[in-house]
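Asks: Pasting a structure here, questions to come.
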There are 2 protein chains.
Amino acid sequence: MKASASAPGKVILVGEHFVVEGSPAIAVAVDVRARATAEAAEGDLVTISSRELGEASFGPGAGGGPLYPVYVAVQEIFKRAGRRAGLRLTIESDIPPGAGMGSSAAVAAAAAAATARLLGLPLSPDEIAQAALAAETIVHGKPSGIDPAVTSYGGAIYFKRGAKPERISADFGRVRLVLADSGIQRSTGALVARVLETKRRHPEVLEPLYKAAANLAEKARSALERGDFATVGELMNINHGMLSALGVSNAKLEELVYAAREAGALGAKITGAGGGGMIVALCWSEDAERVARALSGIAARTIVAPVSEKGATSTLEG
Amino acid sequence: MKASASAPGKVILVGEHFVVEGSPAIAVAVDVRARATAEAAEGDLVTISSRELGEASFGPGAGGGPLYPVYVAVQEIFKRAGRRAGLRLTIESDIPPGAGMGSSAAVAAAAAAATARLLGLPLSPDEIAQAALAAETIVHGKPSGIDPAVTSYGGAIYFKRGAKPERISADFGRVRLVLADSGIQRSTGALVARVLETKRRHPEVLEPLYKAAANLAEKARSALERGDFATVGELMNINHGMLSALGVSNAKLEELVYAAREAGALGAKITGAGGGGMIVALCWSEDAERVARALSGIAARTIVAPVSEKGATSTLEG
């Protein structure tokens with residue numbers, strides 16, 4: 001018997017950086033997925049293998065290594081089930097790692113969902129999110145919780161520090177996301193610290209800007225709920241300027257953003273920490289390929305995907 | 001006997017667009033100048049000639065044509081002097097027209113200053129600014145008054161709609177301005193209207209942004225007064241992001257802005273209406289040529305100039 005599961009990646013639509021200081025953000029699940037399969041194995045070891053990260057076995061009390069966070073998510077399922085089991089877990093992911101797309105949370109959510117399915121334990125999206133959050137705590141120290149929430153729920157998530165993530169009721173059938181990677185590596189932690197330092201030095205300037213960003217996220221939520229994607233795109237463009245004001249843009253990101261807008265995107269902006277990483281463009285379905293073509297020559301990688309209404313899902317085979 | 005005068009161009013350092021709705025802005029005089037010479041002539045006609053705009057003669061009650069605004073400035077001087085005079089005025093300008101550098105106000109101020117000098121009428125910068133403002137009213141309909149103030153006073157001017165422009169006490173000896181022209185034509189009026197329309201549709205977002213911009217201009221004024229150009233540059237960068245949020249940037253302007261920053265500018269931003277036109281970079285004197293070289297290959301025109309501490313000045317010859 002074998003259980004398989006998948007979980008989507010995410011992009012932040014509006015509110016990154018501002019969310020660190022209490023403003024809301026909105027993230028959406030992207031239909032680029034991590035997958036996990038779980039099979040019962042002799043003994044009580046959990047063996048996890050991945051093409052990229054190799055293979056490691058974990059017993060009770062074991063820890064460390066790049067696959068350990070996945071084991072932490074599995075352990076959460078064992079706790080809920082009230083028992084351990086010997087397992088062979090295989091994970092793979094189409095989500096580019098280190099690109100702000102929530103790759104590690106999606107892998108953890110898929111592993112948790114596959115394990116729970118194999119053990120016959122029905123899990124709510126909330127419970128999968130909690131297992132993925134436990135894994136994220138190993139990876140990120142103090143994760144915001146947005147990646148586990150988005151990958152577990154799917155769709156669009158309204159998120160505010162210290163509050164429970166809320167699913168936004170929206171129909172994304174007519175739109176596509178086009179993501180373009182600047183190919184520039186950066187440290188999210190360093191960028192967050194630099195923004196907070198700028199805020200500390202210029203509170204009179206940055207505090208009203210944060211207020212503007214908070215109000216923008218609320219308006220974007222309303223626009224999503226009524227399917228007004230033209231307004232969502234416009235608000236994304238405004239939000240991009242605010243991120244530029246925070247100092248996290250650069251020449252390459254601007255080149256990508258304006259190429260997407262000029263090719264007909266409803267809106268385009270930095271997504272995630274900035275300083276490198278990716279931009280996201282919101283497009284009508286019929287315009288997405290044109291926008292992607294405009295980006296493909298100047299981006300390190302271009303992804304076209306619908307919003308994934310499905311979060312972490314699992315099935316039992318054989 | 002011949003009087004000659006010159007008056008500087010201007011760039012807005014911070015606050016453009018936001019100034020339209022009551023936030024303060026700061027503009028500086030740039031040492032790129034318009035010049036005028038005035039000689040007495042028979043009769044009471046004022047004949048004005050320019051290499052670019054040809055020649056026209058104006059008597060009492062005459063009006064119209066591209067040189068008419070200059071005559072309006074001269075008329076203001078006649079009013080102050082309590083008499084008309086026959087004049088031959090020659091004007092020329094190194095300030096690129098239509099680039100947001102206050103070319104028309106500088107030409108009018110130079111013409112007014114030369115005329116007043118020839119008539120033996122001592123004028124304060126305020127009085128020259130009023131003559132230039134009368135000319136600007138012909139050119140722009142409802143001018144903000146910032147161009148006449150900057151070209152007449154020189155240095156840095158703090159400006160708020162409905163209030164008297166104030167000269168900021170600052171020493172610009174250690175810095176240079178590098179201006180780069182995108183080569184893209186645009187309509188200032190259309191851009192201002194579009195920004196106001198965005199504000200009307202998203203007041204919850206734009207009003208706090210305008211508040212942030214107002215506070216930024218106040219901080220920039222303090223930084224200028226204490227000679228803290230690093231902070232001025234940083235605030236210019238933040239202000240650029242705010243202008244991007246207003247929707248007045250584009251791919252070319254961003255390319256220029258980031259090229260200037262990467263070449264070592266203290267700050268770089270759109271100056272004026274955006275959508276095209278120019279960017280301004282604030283640089284330490286020793287870095288200005290390097291920044292200009294980085295821009296010269298990608299800009300339609302690059303200008304390096306100190307801030308002009310002198311406003312409109314005049315001398316009597318022969």
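Just so we're on the same page: first chain in the structure tokens is A, next is B, and so on; residues restart at 1 for each chain, and ligands are numbered from 1 in the order they show up.
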Go through region 35-235 of chain B and collect every residue that DSSP, computed from the backbone, puts in strand (DSSP E or B); the answer should be as a PyMOL selection string.
Replies: chain B and resi 35-40+46-50+54-58+87-93+156-159+166-168+175-181
Asks: Produce a file of the selected residues containing N, CA, C and O atoms, as a compact mmCIF listing (two decimals), in the first residue's frame.
Replies:
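Saved the output as selection.txt:
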# COMPACT_ATOMS: atom_id res chain seq x y z
N ARG B 35 20.29 83.13 -20.55
CA ARG B 35 20.89 84.46 -20.53
C ARG B 35 20.04 85.43 -21.36
O ARG B 35 19.40 85.03 -22.33
N ALA B 36 20.08 86.69 -20.95
CA ALA B 36 19.38 87.73 -21.71
C ALA B 36 20.26 88.97 -21.73
O ALA B 36 20.94 89.28 -20.76
N THR B 37 20.27 89.68 -22.87
CA THR B 37 20.90 91.00 -22.91
C THR B 37 19.83 91.99 -23.36
O THR B 37 18.98 91.68 -24.19
N ALA B 38 19.90 93.17 -22.74
CA ALA B 38 18.92 94.21 -23.07
C ALA B 38 19.66 95.49 -23.48
O ALA B 38 20.61 95.89 -22.82
N GLU B 39 19.23 96.08 -24.60
CA GLU B 39 19.78 97.37 -25.04
C GLU B 39 18.62 98.32 -25.33
O GLU B 39 17.56 97.88 -25.80
N ALA B 40 18.86 99.59 -25.08
CA ALA B 40 17.83 100.58 -25.39
C ALA B 40 17.64 100.66 -26.89
O ALA B 40 18.60 100.46 -27.66
N VAL B 46 9.26 96.64 -27.94
CA VAL B 46 10.21 95.69 -27.35
C VAL B 46 10.42 94.58 -28.37
O VAL B 46 9.48 93.85 -28.71
N THR B 47 11.63 94.47 -28.88
CA THR B 47 11.94 93.43 -29.86
C THR B 47 12.75 92.34 -29.18
O THR B 47 13.79 92.62 -28.58
N ILE B 48 12.23 91.14 -29.23
CA ILE B 48 12.87 90.02 -28.54
C ILE B 48 13.33 89.03 -29.59
O ILE B 48 12.56 88.65 -30.49
N SER B 49 14.58 88.60 -29.50
CA SER B 49 15.04 87.61 -30.47
C SER B 49 15.76 86.46 -29.77
O SER B 49 16.37 86.63 -28.71
N SER B 50 15.61 85.29 -30.38
CA SER B 50 16.19 84.06 -29.84
C SER B 50 16.57 83.20 -31.02
O SER B 50 15.88 83.20 -32.03
N GLY B 54 13.20 82.65 -33.03
CA GLY B 54 13.11 83.75 -33.99
C GLY B 54 12.99 85.09 -33.29
O GLY B 54 13.52 85.28 -32.19
N GLU B 55 12.31 86.03 -33.93
CA GLU B 55 12.24 87.40 -33.42
C GLU B 55 10.80 87.91 -33.49
O GLU B 55 10.06 87.55 -34.39
N ALA B 56 10.42 88.71 -32.48
CA ALA B 56 9.08 89.31 -32.51
C ALA B 56 9.15 90.64 -31.79
O ALA B 56 9.95 90.83 -30.88
N SER B 57 8.31 91.59 -32.25
CA SER B 57 8.24 92.90 -31.61
C SER B 57 6.89 93.08 -30.95
O SER B 57 5.87 92.64 -31.48
N PHE B 58 6.91 93.69 -29.78
CA PHE B 58 5.68 93.87 -29.01
C PHE B 58 5.51 95.33 -28.64
O PHE B 58 6.43 95.97 -28.14
N LEU B 87 13.17 98.66 -26.42
CA LEU B 87 14.21 97.71 -26.01
C LEU B 87 14.52 96.73 -27.12
O LEU B 87 13.63 96.34 -27.89
N ARG B 88 15.75 96.30 -27.15
CA ARG B 88 16.11 95.13 -27.96
C ARG B 88 16.65 94.08 -27.00
O ARG B 88 17.67 94.31 -26.33
N LEU B 89 15.93 92.98 -26.90
CA LEU B 89 16.29 91.90 -25.97
C LEU B 89 16.75 90.69 -26.76
O LEU B 89 16.07 90.26 -27.70
N THR B 90 17.88 90.12 -26.35
CA THR B 90 18.32 88.86 -26.96
C THR B 90 18.35 87.80 -25.88
O THR B 90 18.91 88.04 -24.80
N ILE B 91 17.73 86.68 -26.15
CA ILE B 91 17.73 85.61 -25.15
C ILE B 91 18.37 84.35 -25.72
O ILE B 91 18.29 84.06 -26.91
N GLU B 92 19.02 83.61 -24.86
CA GLU B 92 19.53 82.28 -25.23
C GLU B 92 19.56 81.44 -23.97
O GLU B 92 19.59 81.96 -22.86
N SER B 93 19.57 80.13 -24.17
CA SER B 93 19.46 79.27 -22.99
C SER B 93 20.20 77.95 -23.19
O SER B 93 20.13 77.35 -24.27
N ALA B 156 18.50 76.20 -2.78
CA ALA B 156 17.43 75.21 -2.60
C ALA B 156 16.19 75.92 -2.06
O ALA B 156 16.29 76.79 -1.21
N ILE B 157 15.05 75.52 -2.59
CA ILE B 157 13.79 76.17 -2.23
C ILE B 157 12.81 75.12 -1.69
O ILE B 157 12.60 74.08 -2.31
N TYR B 158 12.27 75.43 -0.53
CA TYR B 158 11.20 74.62 0.07
C TYR B 158 9.90 75.23 -0.36
O TYR B 158 9.70 76.44 -0.21
N PHE B 159 9.03 74.40 -0.88
CA PHE B 159 7.87 74.94 -1.55
C PHE B 159 6.61 74.16 -1.18
O PHE B 159 6.61 72.94 -1.19
N GLU B 166 10.32 79.20 0.44
CA GLU B 166 11.37 79.57 1.39
C GLU B 166 12.71 79.07 0.89
O GLU B 166 12.83 77.94 0.45
N ARG B 167 13.74 79.93 1.04
CA ARG B 167 15.07 79.46 0.67
C ARG B 167 15.62 78.62 1.82
O ARG B 167 15.54 79.01 2.98
N ILE B 168 16.15 77.45 1.49
CA ILE B 168 16.77 76.58 2.49
C ILE B 168 18.24 76.94 2.59
O ILE B 168 18.92 77.08 1.57
N VAL B 175 28.82 68.69 -3.45
CA VAL B 175 28.01 67.77 -4.27
C VAL B 175 27.80 68.31 -5.69
O VAL B 175 27.97 69.50 -5.95
N ARG B 176 27.48 67.40 -6.57
CA ARG B 176 27.09 67.74 -7.93
C ARG B 176 25.79 67.03 -8.26
O ARG B 176 25.48 65.99 -7.69
N LEU B 177 25.07 67.62 -9.20
CA LEU B 177 23.88 66.96 -9.74
C LEU B 177 24.25 66.35 -11.08
O LEU B 177 24.93 66.99 -11.89
N VAL B 178 23.84 65.12 -11.29
CA VAL B 178 23.96 64.52 -12.61
C VAL B 178 22.54 64.27 -13.11
O VAL B 178 21.74 63.59 -12.45
N LEU B 179 22.23 64.88 -14.24
CA LEU B 179 20.90 64.73 -14.83
C LEU B 179 21.01 63.86 -16.06
O LEU B 179 21.97 63.99 -16.83
N ALA B 180 20.07 62.97 -16.24
CA ALA B 180 20.06 62.14 -17.43
C ALA B 180 18.67 62.15 -18.03
O ALA B 180 17.67 61.97 -17.32
N ASP B 181 18.64 62.37 -19.33
CA ASP B 181 17.36 62.51 -20.03
C ASP B 181 16.99 61.17 -20.65
O ASP B 181 17.80 60.57 -21.37
Asks: Neighbouring residues of Ser285 (chain A) were defined as those with any atom within 12 Å, considering only C-alpha atoms; residues of the same chain fewer than 5 positions away were excluded. Please report them as a list in words.
Replies: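 Result of the neighbour search: Phe172, Gly173, Arg174, Val175, Arg176, Leu177, Val178, Phe229, Gly264, Ala265, Leu266, Arg290, Val291, Ala292, Val304, Ala305, Pro306 and Val307 of chain A.
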Asks: Just N, CA, C and O atoms for this one: save the residues we selected as an mmCIF file, in the first residue's frame.
Replies:
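Final output, saved to result03.cif:
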data_model
loop_
_atom_site.group_PDB
_atom_site.id
_atom_site.type_symbol
_atom_site.label_atom_id
_atom_site.label_comp_id
_atom_site.auth_asym_id
_atom_site.auth_seq_id
_atom_site.Cartn_x
_atom_site.Cartn_y
_atom_site.Cartn_z
ATOM 1 N N PHE A 172 -10.198 32.166 -9.366
ATOM 2 C CA PHE A 172 -9.028 32.545 -10.157
ATOM 3 C C PHE A 172 -9.035 31.927 -11.558
ATOM 4 O O PHE A 172 -8.018 31.924 -12.231
ATOM 5 N N GLY A 173 -10.194 31.399 -11.972
ATOM 6 C CA GLY A 173 -10.253 30.652 -13.234
ATOM 7 C C GLY A 173 -9.810 31.453 -14.456
ATOM 8 O O GLY A 173 -9.249 30.896 -15.391
ATOM 9 N N ARG A 174 -10.025 32.762 -14.441
ATOM 10 C CA ARG A 174 -9.744 33.569 -15.648
ATOM 11 C C ARG A 174 -8.324 34.120 -15.696
ATOM 12 O O ARG A 174 -7.953 34.789 -16.654
ATOM 13 N N VAL A 175 -7.563 33.913 -14.612
ATOM 14 C CA VAL A 175 -6.226 34.523 -14.588
ATOM 15 C C VAL A 175 -5.119 33.479 -14.480
ATOM 16 O O VAL A 175 -5.351 32.331 -14.093
ATOM 17 N N ARG A 176 -3.925 33.905 -14.835
ATOM 18 C CA ARG A 176 -2.725 33.094 -14.677
ATOM 19 C C ARG A 176 -1.658 33.933 -13.990
ATOM 20 O O ARG A 176 -1.661 35.162 -14.097
ATOM 21 N N LEU A 177 -0.768 33.241 -13.325
ATOM 22 C CA LEU A 177 0.401 33.909 -12.770
ATOM 23 C C LEU A 177 1.582 33.634 -13.689
ATOM 24 O O LEU A 177 1.780 32.495 -14.136
ATOM 25 N N VAL A 178 2.341 34.676 -13.974
ATOM 26 C CA VAL A 178 3.603 34.479 -14.681
ATOM 27 C C VAL A 178 4.706 34.908 -13.719
ATOM 28 O O VAL A 178 4.702 36.043 -13.222
ATOM 29 N N PHE A 229 -9.978 41.703 -11.045
ATOM 30 C CA PHE A 229 -8.541 41.479 -11.183
ATOM 31 C C PHE A 229 -7.807 42.689 -11.762
ATOM 32 O O PHE A 229 -6.609 42.850 -11.553
ATOM 33 N N GLY A 264 1.376 43.357 -21.299
ATOM 34 C CA GLY A 264 -0.064 43.233 -21.077
ATOM 35 C C GLY A 264 -0.490 42.633 -19.751
ATOM 36 O O GLY A 264 -1.667 42.313 -19.576
ATOM 37 N N ALA A 265 0.443 42.485 -18.803
ATOM 38 C CA ALA A 265 0.043 41.989 -17.481
ATOM 39 C C ALA A 265 -0.895 42.993 -16.817
ATOM 40 O O ALA A 265 -0.782 44.199 -17.021
ATOM 41 N N LEU A 266 -1.830 42.488 -16.016
ATOM 42 C CA LEU A 266 -2.708 43.369 -15.237
ATOM 43 C C LEU A 266 -1.918 44.099 -14.170
ATOM 44 O O LEU A 266 -2.253 45.229 -13.791
ATOM 45 N N ARG A 290 1.929 35.449 -23.864
ATOM 46 C CA ARG A 290 2.603 36.614 -24.436
ATOM 47 C C ARG A 290 3.516 37.272 -23.397
ATOM 48 O O ARG A 290 4.647 37.653 -23.678
ATOM 49 N N VAL A 291 2.991 37.397 -22.165
ATOM 50 C CA VAL A 291 3.802 37.985 -21.091
ATOM 51 C C VAL A 291 5.018 37.097 -20.807
ATOM 52 O O VAL A 291 6.143 37.589 -20.662
ATOM 53 N N ALA A 292 4.798 35.790 -20.787
ATOM 54 C CA ALA A 292 5.904 34.859 -20.531
ATOM 55 C C ALA A 292 6.970 34.967 -21.621
ATOM 56 O O ALA A 292 8.170 34.933 -21.328
ATOM 57 N N VAL A 304 4.688 29.786 -15.968
ATOM 58 C CA VAL A 304 3.289 30.182 -16.114
ATOM 59 C C VAL A 304 2.458 29.151 -15.380
ATOM 60 O O VAL A 304 2.610 27.953 -15.619
ATOM 61 N N ALA A 305 1.608 29.586 -14.492
ATOM 62 C CA ALA A 305 0.797 28.617 -13.743
ATOM 63 C C ALA A 305 -0.503 29.262 -13.291
ATOM 64 O O ALA A 305 -0.547 30.466 -13.025
ATOM 65 N N PRO A 306 -1.565 28.469 -13.195
ATOM 66 C CA PRO A 306 -2.778 28.995 -12.574
ATOM 67 C C PRO A 306 -2.606 29.038 -11.062
ATOM 68 O O PRO A 306 -1.689 28.414 -10.509
ATOM 69 N N VAL A 307 -3.451 29.791 -10.413
ATOM 70 C CA VAL A 307 -3.551 29.677 -8.961
ATOM 71 C C VAL A 307 -4.091 28.287 -8.655
ATOM 72 O O VAL A 307 -4.987 27.799 -9.341
#
Asks: Pull out every residue of chain B sitting within 9 Å of chain A, counting only C-alpha atoms, and send them as a PDB file with C-alpha atoms, in the first residue's frame.
Replies:
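Output contents, as saved in selection17.pdb:
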ATOM      1  CA  HIS B 202      -7.648  54.548  -3.910  1.00  0.00           C
ATOM      2  CA  GLU B 204      -7.138  54.826   1.614  1.00  0.00           C
ATOM      3  CA  VAL B 205      -3.861  53.833  -0.039  1.00  0.00           C
ATOM      4  CA  LEU B 206      -2.690  57.108  -1.530  1.00  0.00           C
ATOM      5  CA  GLU B 207      -3.497  59.455   1.347  1.00  0.00           C
ATOM      6  CA  PRO B 208      -1.076  57.802   3.792  1.00  0.00           C
ATOM      7  CA  LEU B 209       1.449  57.650   0.944  1.00  0.00           C
ATOM      8  CA  TYR B 210       1.087  61.424   0.491  1.00  0.00           C
ATOM      9  CA  LYS B 211       1.566  61.826   4.230  1.00  0.00           C
ATOM     10  CA  ALA B 212       4.770  59.768   3.976  1.00  0.00           C
ATOM     11  CA  ALA B 213       5.953  61.971   1.105  1.00  0.00           C
ATOM     12  CA  ALA B 214       5.213  65.147   3.071  1.00  0.00           C
ATOM     13  CA  ASN B 215       7.227  63.889   6.040  1.00  0.00           C
ATOM     14  CA  LEU B 216       9.999  62.846   3.679  1.00  0.00           C
ATOM     15  CA  LYS B 219      13.289  65.325   6.681  1.00  0.00           C
ATOM     16  CA  LEU B 235      15.411  60.017   0.998  1.00  0.00           C
ATOM     17  CA  ASN B 237      15.688  56.893  -3.311  1.00  0.00           C
ATOM     18  CA  ILE B 238      12.667  56.387  -1.069  1.00  0.00           C
ATOM     19  CA  ASN B 239      10.862  59.213  -2.854  1.00  0.00           C
ATOM     20  CA  HIS B 240      11.607  57.540  -6.184  1.00  0.00           C
ATOM     21  CA  GLY B 241       9.809  54.409  -4.999  1.00  0.00           C
ATOM     22  CA  MET B 242       6.834  56.531  -3.993  1.00  0.00           C
ATOM     23  CA  LEU B 243       6.750  58.020  -7.494  1.00  0.00           C
ATOM     24  CA  SER B 244       6.893  54.492  -8.898  1.00  0.00           C
ATOM     25  CA  ALA B 245       3.892  53.688  -6.683  1.00  0.00           C
ATOM     26  CA  LEU B 246       2.063  56.652  -8.260  1.00  0.00           C
ATOM     27  CA  GLY B 247       2.595  54.997 -11.649  1.00  0.00           C
ATOM     28  CA  ASN B 250       8.872  53.235 -16.682  1.00  0.00           C
ATOM     29  CA  ALA B 251      11.591  50.810 -17.778  1.00  0.00           C
ATOM     30  CA  LYS B 252      13.940  53.506 -19.140  1.00  0.00           C
ATOM     31  CA  GLU B 254      14.391  52.732 -13.812  1.00  0.00           C
ATOM     32  CA  GLU B 255      17.388  51.746 -15.937  1.00  0.00           C
ATOM     33  CA  LEU B 256      18.816  55.254 -15.529  1.00  0.00           C
ATOM     34  CA  VAL B 257      18.049  55.441 -11.802  1.00  0.00           C
ATOM     35  CA  TYR B 258      19.732  52.125 -10.977  1.00  0.00           C
ATOM     36  CA  ALA B 259      22.709  52.813 -13.263  1.00  0.00           C
TER      37      ALA B 259
END
Asks: From a backbone DSSP assignment, name each residue in region 29-100 of chain A labelled alpha helix (DSSP H), as a VMD selection string.
Replies: chain A and resid 68 to 81
Asks: Between B:Gly274, B:Gly154, B:Pro66, B:Pro122, which one has atoms that come closest to Gly9 (chain B), using only C-alpha atoms?
Replies: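 Going through B:Gly274, B:Gly154, B:Pro66, B:Pro122 one by one, the smallest distance to Gly9 (chain B) is for B:Gly154.
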Asks: If you count only C-alpha atoms, which residues fall within 9 Å of Tyr153 (chain A), apart from same-chain ones fewer than 5 positions away, as number ranges by chain?
Replies: A: 29, 125-126, 128-129, 148, 167, 309-312
